[in-house]
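Peer 1: Mind having a look at this structure? Questions to follow.
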Amino acid sequence: MHPSPTKEEVVSALEALKDIPRPEGDNEGDPINSPGVYNSLTPENQECVDHAEEITSEYLRKPGDE
């Protein structure tokens, strides 16, 4: 089992999302991981979103969660 991510790692992963350009269209206010936005991102930006989602989930996970 690996150690939980630190708060600093989570903040860094989330801050990286602010530089991802949003696709054209009416998606203001939609989460960056919503299908209408996520599917229009480059593979590199999708990886960044996936990493942020994964590390944040790990950070927030409580003992006994799966």
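The chains in the structure tokens are called A, B, ... from first to last as shown; in each chain the residues are counted from 1, and the ligands are counted from 1 in the order shown.
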Which residues, written as a list in words, have at least one atom at most 12 Å from segment 16-29 of chain A, with only C-alpha atoms counted and residues fewer than 5 positions away on the same chain left out?

Peer 2: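 Surrounding residues, per the criterion: Glu9, Val10, Val11, Ser34, Pro35, Gly36, Val37, Tyr38, Asn39, Ser40, Leu41, Thr42, Pro43, Glu44, Asn45, Gln46, Glu47, Cys48, Val49, Asp50, His51, Ala52 and Glu53 of chain A.
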
Peer 1: Write down as a PyMOL selection string the residues belonging to chain A that are assigned helix (DSSP H, G or I) by DSSP computed on the backbone.

Peer 2: chain A and resi 7-17+35-38+43-60

Peer 1: What does the structure give for the distance between atom CA of Ser12 of chain A and atom CA of Asn33 of chain A, in Å to one decimal?

Peer 2: 17.2 Å
